[in-house]
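Chemist: Okay, so here is data_1.tsv, and as you'll see once you scroll down, it has TSV, C-alpha atoms and all ligand atoms.
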```
chain	number	residue	atom	x	y	z
Y	99	MET	CA	0.00	0.00	0.00
Y	100	PRO	CA	1.52	3.41	-0.95
Y	101	SER	CA	2.35	5.80	1.91
Y	102	PRO	CA	-0.43	8.27	2.69
Y	103	LEU	CA	0.27	11.81	1.58
Y	104	VAL	CA	-0.10	14.61	4.12
Y	105	ARG	CA	-0.10	18.10	2.69
Y	106	ARG	CA	-1.42	21.55	3.29
Y	107	LEU	CA	-4.86	22.01	1.77
Y	108	VAL	CA	-5.22	24.43	-1.13
Y	109	PRO	CA	-8.33	26.19	-2.46
Y	110	ALA	CA	-8.91	23.40	-5.00
Y	111	ASP	CA	-9.56	21.04	-2.05
Y	112	ALA	CA	-12.55	23.08	-0.84
Y	113	ALA	CA	-15.29	20.73	-2.06
Y	114	ALA	CA	-13.63	17.62	-0.56
Y	115	LEU	CA	-12.97	19.45	2.71
Y	116	ARG	CA	-16.56	20.66	2.89
Y	117	GLN	CA	-17.85	17.09	2.44
Y	118	LEU	CA	-15.50	15.50	4.99
Y	119	ARG	CA	-16.19	18.22	7.54
Y	120	LEU	CA	-19.95	17.68	7.20
Y	121	ASP	CA	-19.42	13.91	7.46
Y	122	ALA	CA	-17.52	14.55	10.71
Y	123	LEU	CA	-20.25	16.73	12.17
Y	124	VAL	CA	-22.87	14.10	11.37
Y	125	GLU	CA	-20.86	11.07	12.53
Y	126	THR	CA	-19.57	12.38	15.87
Y	127	PRO	CA	-21.38	15.63	16.71
Y	128	GLU	CA	-20.16	15.44	20.32
Y	129	SER	CA	-16.53	15.69	19.11
Y	130	PHE	CA	-16.84	19.20	17.72
Y	131	GLY	CA	-17.93	22.59	19.01
Y	132	SER	CA	-19.70	23.39	15.76
Y	133	SER	CA	-22.61	21.54	14.25
Y	134	TYR	CA	-24.00	20.30	10.94
Y	135	GLU	CA	-26.94	22.68	11.35
Y	136	GLU	CA	-24.53	25.63	11.44
Y	137	GLU	CA	-22.23	24.50	8.63
Y	138	HIS	CA	-24.25	22.76	5.95
Y	139	THR	CA	-25.11	26.11	4.38
Y	140	LEU	CA	-21.47	27.23	4.11
Y	141	THR	CA	-20.39	27.92	0.55
Y	142	LEU	CA	-17.17	26.83	-1.12
Y	143	GLU	CA	-16.03	30.43	-0.74
Y	144	ASP	CA	-16.53	30.14	3.03
Y	145	ILE	CA	-14.53	26.91	3.05
Y	146	ARG	CA	-11.74	28.47	0.98
Y	147	ALA	CA	-11.42	31.11	3.72
Y	148	TRP	CA	-10.62	28.27	6.16
Y	149	ILE	CA	-7.99	26.95	3.78
Y	150	ALA	CA	-6.38	30.35	3.18
Y	151	PRO	CA	-7.05	32.26	6.42
Y	152	VAL	CA	-6.14	35.92	6.79
Y	153	ASP	CA	-3.46	35.07	9.34
Y	154	ASP	CA	-0.81	32.33	9.34
Y	155	GLY	CA	-3.04	29.39	10.27
Y	156	ALA	CA	-3.47	26.40	7.95
Y	157	MET	CA	-5.42	23.25	7.28
Y	158	PHE	CA	-3.83	19.92	6.45
Y	159	GLY	CA	-5.26	16.89	4.74
Y	160	VAL	CA	-4.17	13.29	4.43
Y	161	PHE	CA	-4.93	11.57	1.14
Y	162	ASP	CA	-5.54	7.94	0.28
Y	163	GLY	CA	-4.82	8.11	-3.42
Y	164	GLU	CA	-6.91	11.03	-4.64
Y	165	ALA	CA	-9.40	10.84	-1.80
Y	166	LEU	CA	-9.26	13.12	1.22
Y	167	ALA	CA	-9.15	10.75	4.21
Y	168	GLY	CA	-8.55	13.09	7.15
Y	169	ILE	CA	-8.25	16.74	8.11
Y	170	VAL	CA	-6.94	19.02	10.82
Y	171	GLY	CA	-6.70	22.79	11.28
Y	172	VAL	CA	-4.27	24.94	13.23
Y	173	ALA	CA	-5.12	28.56	13.98
Y	174	ARG	CA	-3.54	31.43	15.88
Y	175	GLN	CA	-5.58	33.07	18.60
Y	176	ARG	CA	-6.57	36.52	17.38
Y	177	LYS	CA	-6.36	38.83	20.41
Y	178	LEU	CA	-3.14	40.79	20.97
Y	179	LYS	CA	-2.62	39.26	24.40
Y	180	THR	CA	-3.20	35.67	23.30
Y	181	ARG	CA	-1.49	35.64	19.90
Y	182	HIS	CA	1.34	33.49	21.29
Y	183	LYS	CA	-1.07	30.53	21.38
Y	184	ALA	CA	-2.39	28.38	18.54
Y	185	HIS	CA	-5.20	25.88	18.70
Y	186	ILE	CA	-6.01	22.67	16.89
Y	187	TRP	CA	-9.47	22.26	15.38
Y	188	SER	CA	-11.40	19.89	13.11
Y	189	MET	CA	-9.31	16.76	13.76
Y	190	TYR	CA	-11.07	13.99	11.84
Y	191	VAL	CA	-10.20	10.78	10.01
Y	192	ALA	CA	-12.82	8.96	7.94
Y	193	PRO	CA	-13.96	5.76	9.70
Y	194	ALA	CA	-12.63	3.38	7.03
Y	195	GLN	CA	-9.16	4.94	7.33
Y	196	ARG	CA	-8.72	4.80	11.09
Y	197	GLY	CA	-6.02	2.89	12.92
Y	198	ARG	CA	-3.38	3.52	10.20
Y	199	GLY	CA	-1.56	6.38	11.94
Y	200	LEU	CA	-3.18	9.06	9.77
Y	201	ALA	CA	-4.31	11.24	12.67
Y	202	ARG	CA	-0.81	11.20	14.10
Y	203	LEU	CA	0.63	12.27	10.74
Y	204	LEU	CA	-1.88	15.11	10.52
Y	205	MET	CA	-1.15	16.27	14.06
Y	206	GLN	CA	2.60	16.17	13.43
Y	207	ALA	CA	2.09	18.40	10.38
Y	208	ALA	CA	-0.08	20.82	12.36
Y	209	ILE	CA	2.39	20.97	15.26
Y	210	ALA	CA	5.29	21.56	12.86
Y	211	HIS	CA	3.32	24.37	11.23
Y	212	ALA	CA	2.60	25.93	14.64
Y	213	GLY	CA	6.31	25.75	15.39
Y	214	ALA	CA	6.98	27.80	12.26
Y	215	MET	CA	4.36	30.44	13.16
Y	216	ARG	CA	6.22	33.43	14.60
Y	217	GLY	CA	6.04	33.63	18.39
Y	218	ILE	CA	3.74	30.66	19.00
Y	219	ARG	CA	4.64	29.15	22.42
Y	220	TYR	CA	1.75	26.77	23.01
Y	221	VAL	CA	-0.56	24.61	20.96
Y	222	GLN	CA	-3.86	24.02	22.71
Y	223	LEU	CA	-6.95	21.95	22.07
Y	224	SER	CA	-10.06	20.67	23.75
Y	225	VAL	CA	-11.31	17.11	23.54
Y	226	THR	CA	-14.58	15.64	24.74
Y	227	SER	CA	-13.61	13.88	27.97
Y	228	ASN	CA	-15.12	10.51	26.97
Y	229	ASN	CA	-13.16	10.44	23.68
Y	230	ALA	CA	-10.47	7.92	24.65
Y	231	ALA	CA	-9.03	7.57	21.13
Y	232	ALA	CA	-8.43	11.30	20.60
Y	233	THR	CA	-7.18	11.80	24.16
Y	234	ALA	CA	-4.62	9.01	23.68
Y	235	LEU	CA	-3.61	10.49	20.32
Y	236	TYR	CA	-2.88	13.89	21.85
Y	237	ALA	CA	-1.20	12.51	25.00
Y	238	GLY	CA	1.05	10.40	22.77
Y	239	LEU	CA	2.20	13.57	21.02
Y	240	GLY	CA	3.08	15.27	24.32
Y	241	PHE	CA	-0.07	17.24	25.05
Y	242	ALA	CA	-0.76	17.56	28.78
Y	243	GLU	CA	-4.12	18.15	30.42
Y	244	TYR	CA	-4.46	21.57	32.08
Y	245	GLY	CA	-8.13	21.67	32.90
Y	246	CYS	CA	-11.61	20.35	32.41
Y	247	GLU	CA	-14.71	22.29	31.46
Y	248	ARG	CA	-17.77	20.62	32.90
Y	249	GLU	CA	-20.75	20.39	30.56
Y	250	ALA	CA	-18.85	22.28	27.84
Y	251	LEU	CA	-21.09	20.97	25.06
Y	252	CYS	CA	-24.79	20.20	24.90
Y	253	VAL	CA	-25.58	17.83	22.02
Y	254	ASN	CA	-29.12	16.59	21.51
Y	255	GLY	CA	-29.92	17.40	25.13
Y	256	ARG	CA	-26.91	15.54	26.57
Y	257	PHE	CA	-24.04	17.38	28.26
Y	258	TYR	CA	-20.38	16.55	27.61
Y	259	ASP	CA	-17.30	17.60	29.59
Y	260	GLU	CA	-14.24	18.76	27.70
Y	261	THR	CA	-10.61	18.13	28.66
Y	262	LEU	CA	-8.30	21.06	27.88
Y	263	MET	CA	-4.83	20.06	26.67
Y	264	SER	CA	-1.68	22.02	25.83
Y	265	LEU	CA	1.69	21.37	24.23
Y	266	ALA	CA	4.60	23.74	24.94
Y	267	LEU	CA	6.70	24.29	21.84
Y	268	PRO	CA	10.46	24.10	22.31
Y	269	GLY	CA	12.72	27.04	21.65
Y	270	GLN	CA	10.20	29.89	21.49
Y	301	LIG	C1	-9.53	10.25	17.00
Y	301	LIG	C2	-9.20	9.97	15.54
Y	301	LIG	C3	-8.83	11.30	14.86
Y	301	LIG	C4	-7.99	9.01	15.48
Y	301	LIG	O1	-7.67	8.82	14.10
Y	301	LIG	P1	-6.75	7.58	13.61
Y	301	LIG	O2	-6.21	7.93	12.28
Y	301	LIG	O3	-7.51	6.32	13.73
Y	301	LIG	O4	-5.59	7.59	14.71
Y	301	LIG	P2	-4.12	6.99	14.50
Y	301	LIG	O5	-4.21	5.69	13.75
Y	301	LIG	O6	-3.23	8.05	13.94
Y	301	LIG	O7	-3.70	6.66	15.99
Y	301	LIG	C5	-2.76	7.49	16.68
Y	301	LIG	C6	-2.92	7.23	18.17
Y	301	LIG	O8	-4.25	7.63	18.58
Y	301	LIG	C7	-4.70	6.75	19.61
Y	301	LIG	N1	-5.86	6.00	19.13
Y	301	LIG	C8	-6.37	6.00	17.88
Y	301	LIG	N2	-7.48	5.23	17.84
Y	301	LIG	C9	-7.64	4.73	19.09
Y	301	LIG	C10	-8.61	3.89	19.68
Y	301	LIG	N3	-9.64	3.39	18.97
Y	301	LIG	N4	-8.48	3.60	21.00
Y	301	LIG	C11	-7.47	4.11	21.72
Y	301	LIG	N5	-6.52	4.92	21.22
Y	301	LIG	C12	-6.61	5.22	19.91
Y	301	LIG	C13	-3.54	5.82	19.91
Y	301	LIG	O9	-2.72	6.44	20.92
Y	301	LIG	C14	-2.81	5.80	18.59
Y	301	LIG	O10	-1.47	5.45	18.73
Y	301	LIG	P3	-1.03	3.88	18.64
Y	301	LIG	O11	-1.54	3.39	17.33
Y	301	LIG	O12	0.46	3.95	18.73
Y	301	LIG	O13	-1.70	3.22	19.80
Y	301	LIG	C15	-10.40	9.29	14.80
Y	301	LIG	O14	-10.83	8.19	15.56
Y	301	LIG	C16	-11.59	10.22	14.57
Y	301	LIG	O15	-11.62	10.96	13.58
Y	301	LIG	N6	-12.58	10.18	15.48
Y	301	LIG	C17	-13.81	10.96	15.34
Y	301	LIG	C18	-13.56	12.46	15.43
Y	301	LIG	C19	-12.79	12.85	16.67
Y	301	LIG	O16	-12.95	12.30	17.74
Y	301	LIG	N7	-11.94	13.88	16.49
Y	301	LIG	C20	-11.16	14.45	17.57
Y	301	LIG	C21	-11.82	15.69	18.07
Y	301	LIG	S1	-10.93	16.39	19.48
```
Could you rewrite the structure in this file as structure tokens?
Ligand SMILES: CC(C)(COP(=O)(O)OP(=O)(O)OC[C@H]1O[C@@H](n2cnc3c(N)ncnc32)[C@H](O)[C@@H]1OP(=O)(O)O)[C@@H](O)C(=O)NCCC(=O)NCCS

Modeler:
Amino acid sequence: MPSPLVRRLVPADAAALRQLRLDALVETPESFGSSYEEEHTLTLEDIRAWIAPVDDGAMFGVFDGEALAGIVGVARQRKLKTRHKAHIWSMYVAPAQRGRGLARLLMQAAIAHAGAMRGIRYVQLSVTSNNAAATALYAGLGFAEYGCEREALCVNGRFYDETLMSLALPGQ
């Protein structure tokens, strides 16, 4: 089997990204702060703005042949006093592609990108506390828990806690 390709997404990937993101929101709504109801009306132009944000953030994809198999985003916090922190968002691998190390490859690309963003000292993320697979993924990459938000999400009337995790970048 050929090695999976991880690369930064470009505007031409917008349609595939839109579809995989909506698949993610439908499959595991409790894993994401946003929802299908809020995103299914987004246009390809909206999605291209995720791919080419105004600041130095980025989205990465992993490809199985031509098909987009997984995605992750890394974004700088916007406020002047928090611009030294980046956060990870939209971590998702299609169900048929799981267990092949694709999420780890995507996270490594996102962390490397954060390390190249001027002045970024920490990469942060939140993960639904009952999500053992994602929590193990992040812990295995060096992320440490720094807090827990009780009842952070309400999905279909059920409340979910979120674990807050952070990775200090070396040499910043
Ligand atoms: C979490 C998710 C991204 C993992 O994707 P994946 O490509 O299967 O993960 P990988 O194969 O790269 O696994 C990397 C590490 O993650 C952890 N992991 C992955 N799947 C796991 C599972 N089912 N149980 C426990 N740990 C798991 C392990 O630590 C694994 O390392 P190992 O193989 O050395 O044990 C994927 O299951 C997914 O998209 N889930 C739904 C959406 C989601 O939860 N997103 C995260 C939002 S915070």

Chemist: Between Y:Pro193, Y:Pro127, Y:Pro268, Y:Gly255, which residue has the minimum interatomic distance to Ala210 of chain Y, considering only C-alpha atoms?

Modeler: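 Residue with the minimum atom-to-atom distance to Ala210 of chain Y: Y:Pro268.
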
Chemist: Measuring between only C-alpha atoms and all ligand atoms, which one of Y:Ser101, Y:Gln222, Y:Gln117, Y:Thr233 shows the shortest distance to ligand LIG 301 (chain Y)?

Modeler: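 Between Y:Ser101, Y:Gln222, Y:Gln117, Y:Thr233, the residue approaching ligand LIG 301 (chain Y) most closely is Y:Thr233.
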
Chemist: Report, in Å to a single decimal, how far apart atom CA of Gly163 of chain Y and atom CA of Trp187 of chain Y are.

Modeler: 24.0 Å

Chemist: What separation in Å, quoted to one decimal, exists between atom CA of Gly240 of chain Y and atom CA of Cys252 of chain Y?

Modeler: 28.3 Å

Chemist: Which one of Y:Asn254, Y:Thr139, Y:Gln175, Y:Thr226 sits closest to ligand LIG 301 (chain Y) if you count only C-alpha atoms and all ligand atoms?

Modeler: Y:Thr226

Chemist: Show me which residues are within 7 Å of ligand LIG 301 (chain Y) counting only C-alpha atoms and all ligand atoms, and format the list as JSON, numbers by chain.

Modeler: {"Y": [122, 126, 129, 130, 188, 189, 190, 191, 192, 193, 195, 196, 197, 198, 199, 200, 201, 202, 203, 224, 225, 226, 229, 230, 231, 232, 234, 235, 238]}

Chemist: Of the candidates Y:Arg248, Y:Arg105, Y:His211, Y:Arg216, which one gets nearest to Arg181 of chain Y if we count all atoms listed in the file?

Modeler: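 Going through Y:Arg248, Y:Arg105, Y:His211, Y:Arg216 one by one, the smallest distance to Arg181 of chain Y is for Y:Arg216.
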
Chemist: Considering only C-alpha atoms, can you say which of Y:Asn228, Y:Asp154, Y:Glu249, Y:Leu123 comes closest to Ala208 of chain Y?

Modeler: Y:Asp154

Chemist: I'd like the interatomic distance between atom CA of Gly217 of chain Y and atom CA of Ile149 of chain Y, to a tenth of an Å.

Modeler: 21.3 Å

Chemist: Considering only C-alpha atoms, state which residue in the set Y:Ser133, Y:Gln206, Y:Ser264, Y:Thr141 is at the smallest distance from His185 of chain Y.

Modeler: Y:Ser264

Chemist: Dig up all the protein and nucleic acid residues within 9 Å of (-7.5, 38.1, 13.9) in the file frame, using all atoms listed in the file, and format them as a list in words.

Modeler: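 In the file's frame, the residues around the point are Val152, Asp153, Arg174, Gln175, Arg176, Lys177, Leu178 and Arg181 of chain Y.
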
Chemist: Could you name the residues that touch Gly269 of chain Y at 12 Å or less, counting all atoms listed in the file, but leaving out those on the same chain fewer than 3 positions away, as a ChimeraX atom specification?

Modeler: /Y:213-214,216-220,266

Chemist: Using all atoms of segment 235-246 of chain Y that appear in the file, construct an axis-aligned enclosing box with 6 Å of padding on every side and provide its centre coordinates and edge lengths in Å, rounded to one decimal, as AutoDock Vina command-line options.

Modeler:
```
--center_x -4.3 --center_y 16.0 --center_z 26.6 --size_x 26.7 --size_y 23.3 --size_z 24.6
```

Chemist: Which residues are close to Asp111 of chain Y, i.e. within 10 Å by all atoms listed in the file, leaving aside same-chain residues fewer than 6 positions away? Reply as a PyMOL selection string.

Modeler: chain Y and resi 142+145-146+149+159+166

Chemist: Tell me which residues come within 6 Å of (-4.3, 19.5, 12.7), as an NGL selection string, counting all atoms listed in the file in the file's coordinates.

Modeler: :Y and (170-172 or 186 or 189 or 204-205 or 208)

Chemist: Would you mind putting back N, CA, C and O atoms on segment 134-156 of chain Y, then writing it out as a tab-separated table (two decimals), in the coordinates of the input?

Modeler:
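Resulting contents of rebuild.tsv:
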```
chain	number	residue	atom	x	y	z
Y	134	TYR	N	-23.52	20.42	12.32
Y	134	TYR	CA	-24.00	20.30	10.94
Y	134	TYR	C	-25.00	21.41	10.63
Y	134	TYR	O	-24.95	22.02	9.55
Y	135	GLU	N	-25.90	21.67	11.57
Y	135	GLU	CA	-26.94	22.68	11.35
Y	135	GLU	C	-26.32	24.04	11.04
Y	135	GLU	O	-26.87	24.83	10.26
Y	136	GLU	N	-25.18	24.33	11.66
Y	136	GLU	CA	-24.53	25.63	11.44
Y	136	GLU	C	-23.65	25.65	10.20
Y	136	GLU	O	-23.31	26.73	9.71
Y	137	GLU	N	-23.24	24.50	9.71
Y	137	GLU	CA	-22.23	24.50	8.63
Y	137	GLU	C	-22.73	24.00	7.27
Y	137	GLU	O	-22.04	24.21	6.28
Y	138	HIS	N	-23.88	23.34	7.24
Y	138	HIS	CA	-24.25	22.76	5.95
Y	138	HIS	C	-24.60	23.81	4.90
Y	138	HIS	O	-24.63	23.51	3.70
Y	139	THR	N	-24.82	25.04	5.34
Y	139	THR	CA	-25.11	26.11	4.38
Y	139	THR	C	-23.85	26.87	3.96
Y	139	THR	O	-23.94	27.79	3.14
Y	140	LEU	N	-22.69	26.52	4.51
Y	140	LEU	CA	-21.47	27.23	4.11
Y	140	LEU	C	-21.17	26.98	2.63
Y	140	LEU	O	-21.32	25.86	2.13
Y	141	THR	N	-20.72	28.02	1.97
Y	141	THR	CA	-20.39	27.92	0.55
Y	141	THR	C	-18.93	27.51	0.37
Y	141	THR	O	-18.13	27.55	1.33
Y	142	LEU	N	-18.58	27.16	-0.85
Y	142	LEU	CA	-17.17	26.83	-1.12
Y	142	LEU	C	-16.28	28.03	-0.85
Y	142	LEU	O	-15.13	27.88	-0.44
Y	143	GLU	N	-16.82	29.22	-1.04
Y	143	GLU	CA	-16.03	30.43	-0.74
Y	143	GLU	C	-15.74	30.51	0.76
Y	143	GLU	O	-14.63	30.85	1.18
Y	144	ASP	N	-16.75	30.18	1.57
Y	144	ASP	CA	-16.53	30.14	3.03
Y	144	ASP	C	-15.43	29.13	3.37
Y	144	ASP	O	-14.57	29.39	4.21
Y	145	ILE	N	-15.50	27.98	2.74
Y	145	ILE	CA	-14.53	26.91	3.05
Y	145	ILE	C	-13.14	27.32	2.58
Y	145	ILE	O	-12.14	27.04	3.26
Y	146	ARG	N	-13.06	28.01	1.46
Y	146	ARG	CA	-11.74	28.47	0.98
Y	146	ARG	C	-11.13	29.46	1.96
Y	146	ARG	O	-9.90	29.55	2.07
Y	147	ALA	N	-11.95	30.18	2.70
Y	147	ALA	CA	-11.42	31.11	3.72
Y	147	ALA	C	-10.81	30.33	4.89
Y	147	ALA	O	-9.93	30.84	5.58
Y	148	TRP	N	-11.29	29.11	5.15
Y	148	TRP	CA	-10.62	28.27	6.16
Y	148	TRP	C	-9.25	27.84	5.65
Y	148	TRP	O	-8.28	27.78	6.40
Y	149	ILE	N	-9.22	27.51	4.36
Y	149	ILE	CA	-7.99	26.95	3.78
Y	149	ILE	C	-6.91	28.03	3.67
Y	149	ILE	O	-5.73	27.75	3.86
Y	150	ALA	N	-7.33	29.24	3.34
Y	150	ALA	CA	-6.38	30.35	3.18
Y	150	ALA	C	-6.79	31.46	4.14
Y	150	ALA	O	-7.32	32.49	3.72
Y	151	PRO	N	-6.58	31.27	5.45
Y	151	PRO	CA	-7.05	32.26	6.42
Y	151	PRO	C	-6.25	33.56	6.31
Y	151	PRO	O	-5.17	33.59	5.72
Y	152	VAL	N	-6.80	34.63	6.89
Y	152	VAL	CA	-6.14	35.92	6.79
Y	152	VAL	C	-4.83	35.93	7.56
Y	152	VAL	O	-3.90	36.67	7.22
Y	153	ASP	N	-4.72	35.11	8.60
Y	153	ASP	CA	-3.46	35.07	9.34
Y	153	ASP	C	-2.62	33.86	8.89
Y	153	ASP	O	-2.78	33.38	7.77
Y	154	ASP	N	-1.75	33.38	9.76
Y	154	ASP	CA	-0.81	32.33	9.34
Y	154	ASP	C	-1.26	30.92	9.73
Y	154	ASP	O	-0.44	30.00	9.76
Y	155	GLY	N	-2.53	30.73	10.02
Y	155	GLY	CA	-3.04	29.39	10.27
Y	155	GLY	C	-3.08	28.57	8.99
Y	155	GLY	O	-2.79	29.07	7.89
Y	156	ALA	N	-3.45	27.30	9.12
Y	156	ALA	CA	-3.47	26.40	7.95
Y	156	ALA	C	-4.36	25.20	8.24
Y	156	ALA	O	-4.68	24.91	9.39
```
